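Engineer: Coordinates in input08.pdb, PDB, C-alpha atoms, are listed below.
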```pdb
MODEL        1
ATOM      1  CA  MET N   1     -18.240  22.758 -72.185
ATOM      2  CA  ASP N   2     -16.121  19.810 -73.352
ATOM      3  CA  ASP N   3     -17.906  19.870 -76.744
ATOM      4  CA  LEU N   4     -17.125  23.542 -77.254
ATOM      5  CA  SER N   5     -13.489  22.935 -76.349
ATOM      6  CA  ARG N   6     -13.186  20.142 -78.860
ATOM      7  CA  ALA N   7     -14.857  22.251 -81.570
ATOM      8  CA  ILE N   8     -12.433  25.133 -81.116
ATOM      9  CA  ARG N   9      -9.487  22.711 -80.946
ATOM     10  CA  GLN N  10     -10.567  21.177 -84.260
ATOM     11  CA  TYR N  11     -10.914  24.616 -85.781
ATOM     12  CA  VAL N  12      -7.459  25.682 -84.639
ATOM     13  CA  ASP N  13      -5.954  22.409 -85.832
ATOM     14  CA  GLY N  14      -7.679  22.916 -89.165
ATOM     15  CA  LEU N  15      -5.854  26.183 -89.743
ATOM     16  CA  ALA N  16      -2.542  24.432 -89.619
ATOM     17  CA  ALA N  17      -3.557  21.251 -91.483
ATOM     18  CA  PRO N  18      -1.684  20.486 -94.769
ATOM     19  CA  VAL N  19      -3.528  21.164 -98.099
ATOM     20  CA  ALA N  20      -3.074  19.864-101.608
ATOM     21  CA  LEU N  21      -1.062  21.785-104.220
ATOM     22  CA  GLU N  22      -4.108  22.273-106.382
ATOM     23  CA  GLU N  23      -5.968  23.854-103.533
ATOM     24  CA  ALA N  24      -3.092  26.134-102.763
ATOM     25  CA  THR N  25      -2.663  27.282-106.338
ATOM     26  CA  ALA N  26      -6.376  27.654-106.731
ATOM     27  CA  ARG N  27      -6.468  29.965-103.822
ATOM     28  CA  ASP N  28      -3.575  31.917-105.174
ATOM     29  CA  ARG N  29      -5.540  32.522-108.408
ATOM     30  CA  ARG N  30      -8.317  34.155-106.531
ATOM     31  CA  PRO N  31      -8.547  37.904-106.765
ATOM     32  CA  VAL N  32      -6.589  39.684-104.119
ATOM     33  CA  ARG N  33      -8.704  41.803-101.904
ATOM     34  CA  ARG N  34      -7.194  44.693-100.025
ATOM     35  CA  TRP N  35      -8.783  43.813 -96.691
ATOM     36  CA  GLY N  36      -7.381  40.244 -96.633
ATOM     37  CA  PRO N  37      -4.598  40.753 -94.019
ATOM     38  CA  LEU N  38      -6.953  42.553 -91.743
ATOM     39  CA  ALA N  39      -9.385  39.681 -91.959
ATOM     40  CA  ALA N  40      -6.639  37.180 -91.132
ATOM     41  CA  LEU N  41      -5.608  39.135 -88.090
ATOM     42  CA  ALA N  42      -9.212  39.396 -86.960
ATOM     43  CA  GLY N  43      -9.679  35.654 -87.333
ATOM     44  CA  ALA N  44      -6.572  34.888 -85.337
ATOM     45  CA  GLY N  45      -7.694  37.274 -82.624
ATOM     46  CA  LEU N  46     -11.076  35.590 -82.485
ATOM     47  CA  VAL N  47      -9.395  32.234 -82.016
ATOM     48  CA  LEU N  48      -7.135  33.505 -79.236
ATOM     49  CA  VAL N  49     -10.035  35.170 -77.407
ATOM     50  CA  SER N  50     -12.094  32.011 -77.645
ATOM     51  CA  PHE N  51      -9.200  29.936 -76.324
ATOM     52  CA  ALA N  52      -8.724  32.342 -73.422
ATOM     53  CA  VAL N  53     -12.407  32.116 -72.580
ATOM     54  CA  ILE N  54     -12.238  28.321 -72.547
ATOM     55  CA  VAL N  55      -9.185  28.244 -70.307
ATOM     56  CA  GLY N  56     -10.754  30.741 -67.916
ATOM     57  CA  VAL N  57     -13.916  28.701 -67.661
ATOM     58  CA  ARG N  58     -11.895  25.543 -67.022
ATOM     59  CA  LEU N  59      -9.970  27.240 -64.261
ATOM     60  CA  ALA N  60     -13.155  28.449 -62.640
ATOM     61  CA  THR N  61     -14.819  25.041 -62.762
ATOM     62  CA  ASP N  62     -11.899  22.637 -62.234
ATOM     63  CA  PRO N  63      -8.582  24.171 -61.135
ATOM     64  CA  GLY N  64      -7.008  20.732 -61.037
ATOM     65  CA  GLN N  65      -7.105  20.502 -64.875
ATOM     66  CA  VAL N  66      -4.470  23.215 -65.263
ATOM     67  CA  ALA N  67      -1.054  21.790 -66.019
ATOM     68  CA  GLY N  68       1.646  22.594 -63.519
ATOM     69  CA  PRO N  69       3.530  21.169 -60.534
ATOM     70  CA  ALA N  70       1.278  19.466 -57.988
ATOM     71  CA  THR N  71       1.064  21.148 -54.619
ATOM     72  CA  THR N  72      -0.118  19.776 -51.268
ATOM     73  CA  ALA N  73      -1.728  22.062 -48.721
ATOM     74  CA  THR N  74      -0.349  21.533 -45.195
ATOM     75  CA  VAL N  75      -2.299  22.671 -42.138
ATOM     76  CA  SER N  76      -0.029  23.327 -39.140
ATOM     77  CA  THR N  77      -1.375  22.238 -35.737
ATOM     78  CA  SER N  78       1.602  23.512 -33.751
ATOM     79  CA  LEU N  79       1.423  26.710 -31.765
ATOM     80  CA  PRO N  80       3.499  29.683 -32.898
ATOM     81  CA  ALA N  81       6.738  30.160 -31.032
ATOM     82  CA  THR N  82       5.344  33.255 -29.390
ATOM     83  CA  THR N  83       2.185  31.555 -28.109
ATOM     84  CA  THR N  84       1.887  31.577 -24.290
ATOM     85  CA  LEU N  85      -0.191  28.876 -22.641
ATOM     86  CA  PRO N  86      -2.638  30.035 -19.997
ATOM     87  CA  ALA N  87      -1.337  29.728 -16.434
ATOM     88  CA  VAL N  88      -2.527  26.731 -14.402
ATOM     89  CA  PRO N  89      -4.834  27.969 -11.666
ATOM     90  CA  PRO N  90      -3.535  27.409  -8.116
ATOM     91  CA  PRO N  91      -4.993  24.409  -6.252
ATOM     92  CA  VAL N  92      -8.082  25.048  -4.233
ATOM     93  CA  PRO N  93      -7.183  24.933  -0.519
ATOM     94  CA  THR N  94      -8.501  21.809   1.180
ATOM     95  CA  THR N  95      -8.631  23.416   4.600
ATOM     96  CA  ALA N  96     -10.234  26.561   5.881
ATOM     97  CA  PRO N  97      -8.072  29.647   6.447
ATOM     98  CA  GLY N  98      -6.125  29.376   9.667
ATOM     99  CA  ARG N  99      -6.458  25.591   9.761
ATOM    100  CA  THR N 100      -4.345  22.705   8.521
ATOM    101  CA  ALA N 101      -4.383  18.923   8.204
ATOM    102  CA  VAL N 102      -2.299  17.003  10.761
ATOM    103  CA  PRO N 103       0.591  15.174   9.035
ATOM    104  CA  ASP N 104       1.356  11.499   9.641
ATOM    105  CA  LEU N 105       4.274  11.394  12.098
ATOM    106  CA  VAL N 106       4.279   7.663  12.894
ATOM    107  CA  GLY N 107       7.601   6.033  12.050
ATOM    108  CA  LEU N 108       9.628   9.261  12.308
ATOM    109  CA  ASP N 109      12.224   9.955  14.963
ATOM    110  CA  PRO N 110      11.484  12.883  17.317
ATOM    111  CA  GLY N 111      13.634  15.351  15.342
ATOM    112  CA  GLN N 112      11.976  14.510  12.038
ATOM    113  CA  ALA N 113       8.538  14.668  13.620
ATOM    114  CA  ALA N 114       9.286  18.155  14.990
ATOM    115  CA  GLU N 115      10.381  19.403  11.545
ATOM    116  CA  VAL N 116       7.314  17.998   9.792
ATOM    117  CA  ALA N 117       4.979  19.411  12.443
ATOM    118  CA  ALA N 118       6.617  22.860  12.251
ATOM    119  CA  ALA N 119       6.316  22.870   8.450
ATOM    120  CA  ALA N 120       2.583  22.300   8.866
ATOM    121  CA  GLY N 121       2.317  25.159  11.372
ATOM    122  CA  LEU N 122       1.878  22.898  14.383
ATOM    123  CA  ASP N 123       3.657  22.452  17.714
ATOM    124  CA  LEU N 124       4.900  19.111  19.022
ATOM    125  CA  THR N 125       4.896  17.532  22.463
ATOM    126  CA  VAL N 126       6.754  14.260  22.998
ATOM    127  CA  GLY N 127       5.900  11.501  25.445
ATOM    128  CA  GLN N 128       7.530   8.112  25.928
ATOM    129  CA  SER N 129       6.199   4.606  26.393
ATOM    130  CA  VAL N 130       7.582   1.102  26.574
ATOM    131  CA  THR N 131       7.153  -0.684  23.253
ATOM    132  CA  GLU N 132       8.463  -3.485  21.082
ATOM    133  CA  PRO N 133      11.972  -3.079  19.588
ATOM    134  CA  SER N 134      10.857  -2.035  16.095
ATOM    135  CA  SER N 135       9.307   1.152  17.544
ATOM    136  CA  VAL N 136      12.064   2.041  20.011
ATOM    137  CA  GLY N 137      13.258   5.578  19.237
ATOM    138  CA  PHE N 138      10.420   6.296  16.813
ATOM    139  CA  VAL N 139       6.930   7.734  16.972
ATOM    140  CA  PHE N 140       4.356   4.947  17.235
ATOM    141  CA  GLY N 141       1.305   6.997  18.233
ATOM    142  CA  GLN N 142      -0.015  10.533  17.878
ATOM    143  CA  ASP N 143      -2.957  12.734  18.842
ATOM    144  CA  PRO N 144      -4.663  14.254  16.831
ATOM    145  CA  GLU N 145      -4.705  11.517  14.231
ATOM    146  CA  PRO N 146      -3.139  12.007  10.757
ATOM    147  CA  GLY N 147      -5.406  13.900   8.376
ATOM    148  CA  GLU N 148      -7.477  15.550  11.087
ATOM    149  CA  GLU N 149      -8.084  19.263  10.466
ATOM    150  CA  VAL N 150      -6.961  21.522  13.315
ATOM    151  CA  GLU N 151      -6.129  25.169  13.927
ATOM    152  CA  LEU N 152      -2.619  26.394  13.161
ATOM    153  CA  GLY N 153      -0.454  26.279  16.268
ATOM    154  CA  THR N 154      -2.208  23.222  17.696
ATOM    155  CA  ALA N 155       0.073  20.927  19.717
ATOM    156  CA  VAL N 156       0.362  17.381  18.375
ATOM    157  CA  GLU N 157       1.220  14.854  21.086
ATOM    158  CA  VAL N 158       3.391  11.972  19.923
ATOM    159  CA  VAL N 159       4.520   8.851  21.787
ATOM    160  CA  VAL N 160       8.083   7.660  21.203
ATOM    161  CA  GLY N 161       9.024   4.083  21.993
ATOM    162  CA  ILE N 162      11.565   3.318  24.686
ATOM    163  CA  PRO N 163      13.075  -0.073  25.552
ATOM    164  CA  PRO N 164      11.344  -2.044  28.287
ATOM    165  CA  ARG N 165      13.103  -1.773  31.635
ATOM    166  CA  CYS N 166      11.739  -4.821  33.404
ATOM    167  CA  ASP N 167      14.459  -4.700  36.031
ATOM    168  CA  LEU N 168      12.289  -4.477  39.115
ATOM    169  CA  GLU N 169      13.832  -6.133  42.166
ATOM    170  CA  GLN N 170      11.698  -8.539  44.117
ATOM    171  CA  ASN N 171      12.033  -9.547  47.739
ATOM    172  CA  PRO N 172       8.945 -11.579  48.537
ATOM    173  CA  ALA N 173       8.224 -12.388  52.119
ATOM    174  CA  SER N 174       8.485 -15.985  53.253
ATOM    175  CA  PRO N 175       5.302 -17.779  52.303
ATOM    176  CA  ARG N 176       2.845 -18.904  54.867
ATOM    177  CA  GLU N 177       2.372 -22.607  55.470
ATOM    178  CA  ASP N 178      -0.676 -22.651  53.212
ATOM    179  CA  LEU N 179       1.226 -21.037  50.355
ATOM    180  CA  GLN N 180       4.025 -22.055  48.036
ATOM    181  CA  GLU N 181       6.412 -20.048  45.897
ATOM    182  CA  VAL N 182       6.538 -20.615  42.154
ATOM    183  CA  THR N 183       8.477 -18.934  39.366
ATOM    184  CA  VAL N 184       6.224 -17.466  36.709
ATOM    185  CA  LEU N 185       7.614 -16.313  33.357
ATOM    186  CA  PHE N 186       6.311 -13.005  32.010
ATOM    187  CA  GLY N 187       7.244 -10.896  29.048
ATOM    188  CA  CYS N 188       8.511  -7.359  28.795
ATOM    189  CA  GLY N 189       6.671  -4.808  26.705
ATOM    190  CA  ASP N 190       3.183  -4.507  25.301
ATOM    191  CA  PHE N 191       3.077  -7.928  23.639
ATOM    192  CA  GLY N 192       4.127 -10.112  26.526
ATOM    193  CA  ILE N 193       6.455 -13.082  26.123
ATOM    194  CA  ALA N 194       8.527 -13.701  23.048
ATOM    195  CA  PRO N 195       9.537 -17.378  23.077
ATOM    196  CA  ASN N 196      13.216 -16.552  23.344
ATOM    197  CA  VAL N 197      12.970 -13.889  26.078
ATOM    198  CA  VAL N 198      11.272 -14.402  29.427
ATOM    199  CA  TYR N 199      11.300 -12.520  32.703
ATOM    200  CA  PRO N 200      10.846 -14.672  35.832
ATOM    201  CA  ARG N 201       8.776 -13.342  38.692
ATOM    202  CA  VAL N 202       8.070 -15.023  42.022
ATOM    203  CA  ARG N 203       4.488 -15.745  43.001
ATOM    204  CA  GLN N 204       2.917 -17.219  46.100
ATOM    205  CA  VAL N 205      -0.010 -19.501  45.379
ATOM    206  CA  PRO N 206      -1.990 -22.087  47.401
ATOM    207  CA  ALA N 207       0.222 -24.940  48.582
ATOM    208  CA  ALA N 208      -2.390 -27.539  47.635
ATOM    209  CA  LEU N 209      -1.918 -26.891  43.915
ATOM    210  CA  GLY N 210       0.224 -29.175  41.785
ATOM    211  CA  GLU N 211       3.290 -27.624  40.162
ATOM    212  CA  PHE N 212       1.745 -27.143  36.708
ATOM    213  CA  GLU N 213      -1.502 -25.807  38.099
ATOM    214  CA  ALA N 214       0.425 -23.579  40.534
ATOM    215  CA  VAL N 215       2.528 -21.880  37.819
ATOM    216  CA  LEU N 216      -0.493 -21.350  35.547
ATOM    217  CA  THR N 217      -2.422 -19.855  38.449
ATOM    218  CA  GLY N 218       0.382 -17.380  39.012
ATOM    219  CA  LEU N 219       0.488 -16.534  35.284
ATOM    220  CA  LEU N 220      -3.257 -16.087  34.827
ATOM    221  CA  GLY N 221      -3.394 -13.663  37.773
ATOM    222  CA  GLY N 222      -1.270 -11.174  35.815
ATOM    223  CA  LEU N 223       1.122  -8.474  37.030
ATOM    224  CA  THR N 224       1.373  -6.329  40.108
ATOM    225  CA  PRO N 225       1.042  -2.528  39.687
ATOM    226  CA  ASP N 226       4.799  -2.137  40.263
ATOM    227  CA  GLU N 227       5.564  -4.676  37.540
ATOM    228  CA  GLU N 228       3.281  -2.922  35.085
ATOM    229  CA  GLU N 229       4.999   0.378  35.841
ATOM    230  CA  ALA N 230       8.386  -1.249  35.249
ATOM    231  CA  GLY N 231       7.332  -2.320  31.748
ATOM    232  CA  PHE N 232       6.518  -6.001  32.147
ATOM    233  CA  GLY N 233       3.930  -7.330  29.717
ATOM    234  CA  THR N 234       1.284 -10.033  29.636
ATOM    235  CA  PHE N 235      -2.171 -10.777  28.245
ATOM    236  CA  PHE N 236      -3.353 -11.962  31.637
ATOM    237  CA  GLY N 237      -4.781 -10.220  34.643
ATOM    238  CA  PRO N 238      -7.780 -10.124  36.983
ATOM    239  CA  ALA N 239     -10.212 -10.979  34.170
ATOM    240  CA  THR N 240      -8.423 -14.280  33.435
ATOM    241  CA  ALA N 241      -7.522 -15.250  37.022
ATOM    242  CA  ALA N 242     -10.376 -17.785  37.236
ATOM    243  CA  SER N 243     -10.096 -19.153  33.680
ATOM    244  CA  LEU N 244      -8.239 -22.389  34.531
ATOM    245  CA  GLU N 245     -10.558 -25.411  34.604
ATOM    246  CA  SER N 246      -8.138 -28.333  34.956
ATOM    247  CA  VAL N 247      -4.596 -29.573  34.395
ATOM    248  CA  GLU N 248      -3.712 -33.209  33.693
ATOM    249  CA  PHE N 249      -0.270 -34.770  33.353
ATOM    250  CA  ARG N 250      -0.114 -38.012  31.374
ATOM    251  CA  GLY N 251       3.408 -39.412  31.097
ATOM    252  CA  GLY N 252       5.104 -36.303  29.753
ATOM    253  CA  HIS N 253       1.980 -34.907  28.078
ATOM    254  CA  VAL N 254       0.165 -31.979  29.756
ATOM    255  CA  VAL N 255      -3.479 -31.242  28.981
ATOM    256  CA  VAL N 256      -4.764 -27.826  30.101
ATOM    257  CA  ASP N 257      -8.429 -26.828  29.851
ATOM    258  CA  PHE N 258      -9.706 -23.227  30.042
ATOM    259  CA  ASN N 259     -13.183 -21.738  30.324
ATOM    260  CA  ASP N 260     -14.711 -18.642  28.691
ATOM    261  CA  ALA N 261     -12.821 -16.251  30.976
ATOM    262  CA  ILE N 262      -9.644 -16.968  29.014
ATOM    263  CA  ILE N 263     -10.865 -14.846  26.093
ATOM    264  CA  VAL N 264      -9.256 -11.385  26.072
ATOM    265  CA  ASN N 265      -8.919  -8.596  23.531
ATOM    266  CA  GLY N 266      -6.205  -9.051  20.929
ATOM    267  CA  MET N 267      -5.652 -12.760  21.474
ATOM    268  CA  SER N 268      -7.164 -13.800  18.127
ATOM    269  CA  THR N 269      -4.986 -11.609  15.909
ATOM    270  CA  SER N 270      -2.017 -13.224  14.175
ATOM    271  CA  THR N 271       0.534 -11.484  16.414
ATOM    272  CA  GLY N 272      -1.627 -11.623  19.510
ATOM    273  CA  GLY N 273      -2.239 -15.349  19.138
ATOM    274  CA  LEU N 274       1.467 -16.022  18.810
ATOM    275  CA  TYR N 275       2.340 -14.186  22.015
ATOM    276  CA  PHE N 276      -0.722 -15.407  23.862
ATOM    277  CA  ASN N 277       0.131 -19.068  23.318
ATOM    278  CA  ALA N 278       3.833 -18.404  23.927
ATOM    279  CA  GLU N 279       3.114 -17.186  27.454
ATOM    280  CA  ILE N 280       1.358 -20.421  28.392
ATOM    281  CA  LEU N 281       3.793 -22.739  26.622
ATOM    282  CA  ALA N 282       6.904 -21.044  28.044
ATOM    283  CA  ASN N 283       5.621 -21.530  31.597
ATOM    284  CA  LEU N 284       4.889 -25.224  31.026
ATOM    285  CA  PHE N 285       8.063 -26.109  29.108
ATOM    286  CA  GLN N 286      10.215 -24.715  31.917
ATOM    287  CA  PHE N 287       9.586 -28.111  33.540
ATOM    288  CA  SER N 288      11.947 -30.684  32.069
ATOM    289  CA  GLN N 289       9.445 -33.531  32.488
ATOM    290  CA  VAL N 290       7.017 -31.922  30.025
ATOM    291  CA  ASN N 291       7.407 -33.355  26.516
ATOM    292  CA  SER N 292       4.232 -31.998  24.881
ATOM    293  CA  VAL N 293       1.360 -29.615  25.638
ATOM    294  CA  GLU N 294      -2.287 -29.757  24.571
ATOM    295  CA  LEU N 295      -4.462 -26.698  25.221
ATOM    296  CA  ARG N 296      -8.256 -26.946  25.301
ATOM    297  CA  PHE N 297     -11.206 -24.572  25.411
ATOM    298  CA  ASN N 298     -14.270 -25.860  27.258
ATOM    299  CA  GLY N 299     -12.911 -29.409  26.989
ATOM    300  CA  SER N 300     -12.058 -29.315  23.245
ATOM    301  CA  CYS N 301      -8.640 -29.081  21.632
ATOM    302  CA  GLU N 302     -10.274 -28.204  18.297
ATOM    303  CA  ALA N 303     -12.219 -25.390  19.971
ATOM    304  CA  TRP N 304      -8.956 -23.927  21.278
ATOM    305  CA  SER N 305      -7.574 -23.834  17.719
ATOM    306  CA  THR N 306     -10.773 -22.171  16.537
ATOM    307  CA  LEU N 307     -10.075 -19.256  18.877
ATOM    308  CA  PHE N 308      -7.001 -18.581  16.742
ATOM    309  CA  GLU N 309      -8.643 -19.259  13.378
ATOM    310  CA  GLY N 310      -7.390 -22.839  13.232
ATOM    311  CA  ASP N 311      -9.483 -25.850  12.261
ATOM    312  CA  SER N 312      -7.824 -28.801  14.015
ATOM    313  CA  CYS N 313      -6.276 -29.746  17.318
ATOM    314  CA  GLN N 314      -2.724 -28.445  17.712
ATOM    315  CA  ILE N 315      -0.359 -30.229  20.108
ATOM    316  CA  THR N 316       3.045 -28.594  20.670
ATOM    317  CA  THR N 317       6.022 -30.855  21.350
ATOM    318  CA  ARG N 318       9.173 -29.817  23.167
ATOM    319  CA  ARG N 319      11.140 -30.094  19.938
ATOM    320  CA  GLN N 320       8.752 -27.723  18.188
ATOM    321  CA  TRP N 321       8.991 -25.320  21.084
ATOM    322  CA  GLU N 322      12.794 -25.347  21.077
ATOM    323  CA  GLU N 323      12.842 -24.730  17.312
ATOM    324  CA  ARG N 324      10.507 -21.802  17.814
ATOM    325  CA  VAL N 325      12.759 -20.375  20.513
ATOM    326  CA  ALA N 326      15.789 -20.664  18.222
ATOM    327  CA  THR N 327      13.971 -18.990  15.346
ATOM    328  CA  TRP N 328      12.885 -16.096  17.491
ATOM    329  CA  ALA N 329      16.429 -15.708  18.803
ATOM    330  CA  GLU N 330      17.623 -15.275  15.187
ATOM    331  CA  TRP N 331      14.893 -12.774  14.405
ATOM    332  CA  ARG N 332      15.635 -10.782  17.530
ATOM    333  CA  ALA N 333      19.345 -10.688  16.664
ATOM    334  CA  GLU N 334      18.358  -9.161  13.327
ATOM    335  CA  GLY N 335      16.099  -6.632  15.054
ATOM    336  CA  ALA N 336      13.005  -8.061  13.367
ATOM    337  CA  VAL N 337      10.832  -9.145  16.291
ATOM    338  CA  GLY N 338      10.779  -9.901  19.955
ATOM    339  CA  PRO N 339      10.337  -7.421  22.783
ATOM    340  CA  GLY N 340      12.763  -7.259  25.626
TER     341      GLY N 340
ENDMDL
END
```
Would you encode the structure as structure tokens?
Structural biologist:
Amino acid sequence: MDDLSRAIRQYVDGLAAPVALEEATARDRRPVRRWGPLAALAGAGLVLVSFAVIVGVRLATDPGQVAGPATTATVSTSLPATTTLPAVPPPVPTTAPGRTAVPDLVGLDPGQAAEVAAAAGLDLTVGQSVTEPSSVGFVFGQDPEPGEEVELGTAVEVVVGIPPRCDLEQNPASPREDLQEVTVLFGCGDFGIAPNVVYPRVRQVPAALGEFEAVLTGLLGGLTPDEEEAGFGTFFGPATAASLESVEFRGGHVVVDFNDAIIVNGMSTSTGGLYFNAEILANLFQFSQVNSVELRFNGSCEAWSTLFEGDSCQITTRRQWEERVATWAEWRAEGAVGPG
């Protein structure tokens, strides 16, 4: 196709090429034929038709060869203004008809808990229980548990914290000759003693016991039913009453040894261990002659530490105890910790 194009181009160019004078005059001397103009017109038409054929073929085979302004085709990916996206299908219900999941009400005050329960189609019943300060006035327990699926209209029972009362009067009878009275320090609330807050209670224990052994005996025996009802708290009770093995006093240093009965639920947690040890230490440091305390388990100080995830013997001095009391007093003033 390119060869044909060049041939026609050369032919067309040849028609307009300059000629010599002799050639021109020689042609003029030729006899004039009557059909000459018609032949010229026919030749020109042949050239134009041939040129048109060439251009048409070029367009059909390679449109890009045609002279003209370049254009760029743009494909639009945007939706027309009138396009409407399909509606999002509603979420599939996670509970069966007529049932609902119980919301989490812990940490809410009673009014908020009632509103949340009503919004979920549930009723609310409110009970009260003595608790630590951070939960006073707020829900700290519920039944059914959060997330449990129940029927609409089910009553959710919540427990709202109230301050410990711990104001029970005591009028113990005069002890018999074989008994002695000692003052035992308990806590108030579910966690027992906070170092900075103690509640003294009178106990009658065997007169033959030394003062340190006597006070620990009273502590390890736990609370009376009336004291429990009044909101007093302790880790100790009938299960730990026989856990004391021995008490030794060595020039200001007290060594106390316990047996397996001392182990109770909750004592090995971080919070439980703190309160558990505080109950024992508070009762021993109430005696001014005590300068330090060493607690043992089955004869080993290291074993006692192991009960609380420690790895070495821990001896508490009076100075350390007093610093702990001061720290807890600050925390309690800020409302951070400390029952009572």
Engineer: From the set N:Pro200, N:Thr217, N:Val159, N:Val139, which residue has the shortest atom-to-atom contact distance to Gln180 (chain N), counting only C-alpha atoms?
Structural biologist: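 Among the listed residues, N:Thr217 lies closest to Gln180 (chain N).
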Engineer: Pull the neighbourhood of (6.1, -7.7, 36.1) for me: all residues within 9 Å in file coordinates, counting all atoms listed in the file, as a list in words.
Structural biologist: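 Taken together, the residues in range are Cys166, Asp167, Leu168, Phe186, Gly187, Cys188, Tyr199, Pro200, Arg201, Gly222, Leu223, Thr224, Pro225, Asp226, Glu227, Glu228, Glu229, Ala230, Gly231, Phe232, Gly233 and Thr234 of chain N.
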Engineer: CA of Val126 (chain N) and CA of Leu108 (chain N) are how many Å apart?
Structural biologist: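 So the answer is 12.1 Å.
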Engineer: Could you tell me which of N:Leu219, N:Ala208, N:Cys301, N:Ala114 comes closest to Val256 (chain N) if we count all atoms listed in the file?
Structural biologist: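 Result for the nearest residue to Val256 (chain N): N:Cys301.
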Engineer: Where's the centre, and what are the edge lengths in Å to one decimal, of a box along x, y and z enclosing all listed atoms of region 202-207 of chain N padded 6 Å per side, as AutoDock Vina command-line options?
Structural biologist:
```
--center_x 3.0 --center_y -20.0 --center_z 45.3 --size_x 22.1 --size_y 21.9 --size_z 18.6
```
Engineer: Just the number, please: distance in Å from CA of Gly111 (chain N) to CA of Thr125 (chain N), one decimal.
Structural biologist: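 Interatomic distance here is 11.5 Å.
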Engineer: Starting from the displayed file, determine the output of the PyMOL selection byres ((chain N and resi 215) around 12) and express the residue list as a compact mmCIF listing (two decimals) with C-alpha atoms, keeping the file's coordinate frame.
Structural biologist:
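Everything below was put into selection30.txt:
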```txt
# COMPACT_ATOMS: atom_id res chain seq x y z
CA GLN N 180 4.03 -22.06 48.04
CA GLU N 181 6.41 -20.05 45.90
CA VAL N 182 6.54 -20.62 42.15
CA THR N 183 8.48 -18.93 39.37
CA VAL N 184 6.22 -17.47 36.71
CA LEU N 185 7.61 -16.31 33.36
CA PHE N 186 6.31 -13.00 32.01
CA PRO N 200 10.85 -14.67 35.83
CA ARG N 201 8.78 -13.34 38.69
CA VAL N 202 8.07 -15.02 42.02
CA ARG N 203 4.49 -15.74 43.00
CA GLN N 204 2.92 -17.22 46.10
CA VAL N 205 -0.01 -19.50 45.38
CA PRO N 206 -1.99 -22.09 47.40
CA ALA N 207 0.22 -24.94 48.58
CA LEU N 209 -1.92 -26.89 43.92
CA GLY N 210 0.22 -29.18 41.78
CA GLU N 211 3.29 -27.62 40.16
CA PHE N 212 1.74 -27.14 36.71
CA GLU N 213 -1.50 -25.81 38.10
CA ALA N 214 0.42 -23.58 40.53
CA LEU N 216 -0.49 -21.35 35.55
CA THR N 217 -2.42 -19.86 38.45
CA GLY N 218 0.38 -17.38 39.01
CA LEU N 219 0.49 -16.53 35.28
CA LEU N 220 -3.26 -16.09 34.83
CA GLY N 221 -3.39 -13.66 37.77
CA GLY N 222 -1.27 -11.17 35.82
CA LEU N 244 -8.24 -22.39 34.53
CA VAL N 247 -4.60 -29.57 34.40
CA GLU N 279 3.11 -17.19 27.45
CA ILE N 280 1.36 -20.42 28.39
CA LEU N 281 3.79 -22.74 26.62
CA ALA N 282 6.90 -21.04 28.04
CA ASN N 283 5.62 -21.53 31.60
CA LEU N 284 4.89 -25.22 31.03
CA PHE N 285 8.06 -26.11 29.11
CA GLN N 286 10.22 -24.72 31.92
CA PHE N 287 9.59 -28.11 33.54
```
Engineer: Find the spatial neighbours of Gly266 (chain N), counting only C-alpha atoms, within a cut-off of 9 Å - ignore same-chain residues fewer than 6 positions away - and output them as a PyMOL selection string.
Structural biologist: chain N and resi 235+272-273+276
Engineer: Check the smallest atom-to-atom distance from each of N:Asn196, N:Ser268, N:Ser135, N:Asn171 to Ala326 (chain N) using only C-alpha atoms, then report the winner.
Structural biologist: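 Distance minimum relative to Ala326 (chain N) lands on N:Asn196.
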Engineer: Might you spell out which residues the PyMOL selection byres ((chain N and resi 161) around 9) would select in the displayed file, as a PDB file with C-alpha atoms, keeping the file's coordinate frame?
Structural biologist:
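What follows is the written file result_32.pdb:
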```pdb
ATOM      1  CA  GLY N 127       5.900  11.501  25.445  1.00  0.00           C
ATOM      2  CA  GLN N 128       7.530   8.112  25.928  1.00  0.00           C
ATOM      3  CA  SER N 129       6.199   4.606  26.393  1.00  0.00           C
ATOM      4  CA  VAL N 130       7.582   1.102  26.574  1.00  0.00           C
ATOM      5  CA  THR N 131       7.153  -0.684  23.253  1.00  0.00           C
ATOM      6  CA  GLU N 132       8.463  -3.485  21.082  1.00  0.00           C
ATOM      7  CA  PRO N 133      11.972  -3.079  19.588  1.00  0.00           C
ATOM      8  CA  SER N 134      10.857  -2.035  16.095  1.00  0.00           C
ATOM      9  CA  SER N 135       9.307   1.152  17.544  1.00  0.00           C
ATOM     10  CA  VAL N 136      12.064   2.041  20.011  1.00  0.00           C
ATOM     11  CA  GLY N 137      13.258   5.578  19.237  1.00  0.00           C
ATOM     12  CA  PHE N 138      10.420   6.296  16.813  1.00  0.00           C
ATOM     13  CA  VAL N 139       6.930   7.734  16.972  1.00  0.00           C
ATOM     14  CA  PHE N 140       4.356   4.947  17.235  1.00  0.00           C
ATOM     15  CA  VAL N 159       4.520   8.851  21.787  1.00  0.00           C
ATOM     16  CA  VAL N 160       8.083   7.660  21.203  1.00  0.00           C
ATOM     17  CA  ILE N 162      11.565   3.318  24.686  1.00  0.00           C
ATOM     18  CA  PRO N 163      13.075  -0.073  25.552  1.00  0.00           C
TER      19      PRO N 163
END
```
Engineer: Using only C-alpha atoms, which of N:Thr269, N:Asp178, N:Pro97, N:Phe297 sits nearest Glu309 (chain N)?
Structural biologist: N:Thr269
Engineer: Taking the file as I've supplied it (selection: the PyMOL selection byres ((chain N and resi 242) around 10)), which residues are included? Please answer as a list of chain:residue names.
Structural biologist: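 Applying the expression gives N:Thr217, N:Leu220, N:Gly221, N:Gly237, N:Pro238, N:Ala239, N:Thr240, N:Ala241, N:Ser243, N:Leu244, N:Glu245, N:Phe258, N:Asn259, N:Asp260, N:Ala261, N:Ile262.
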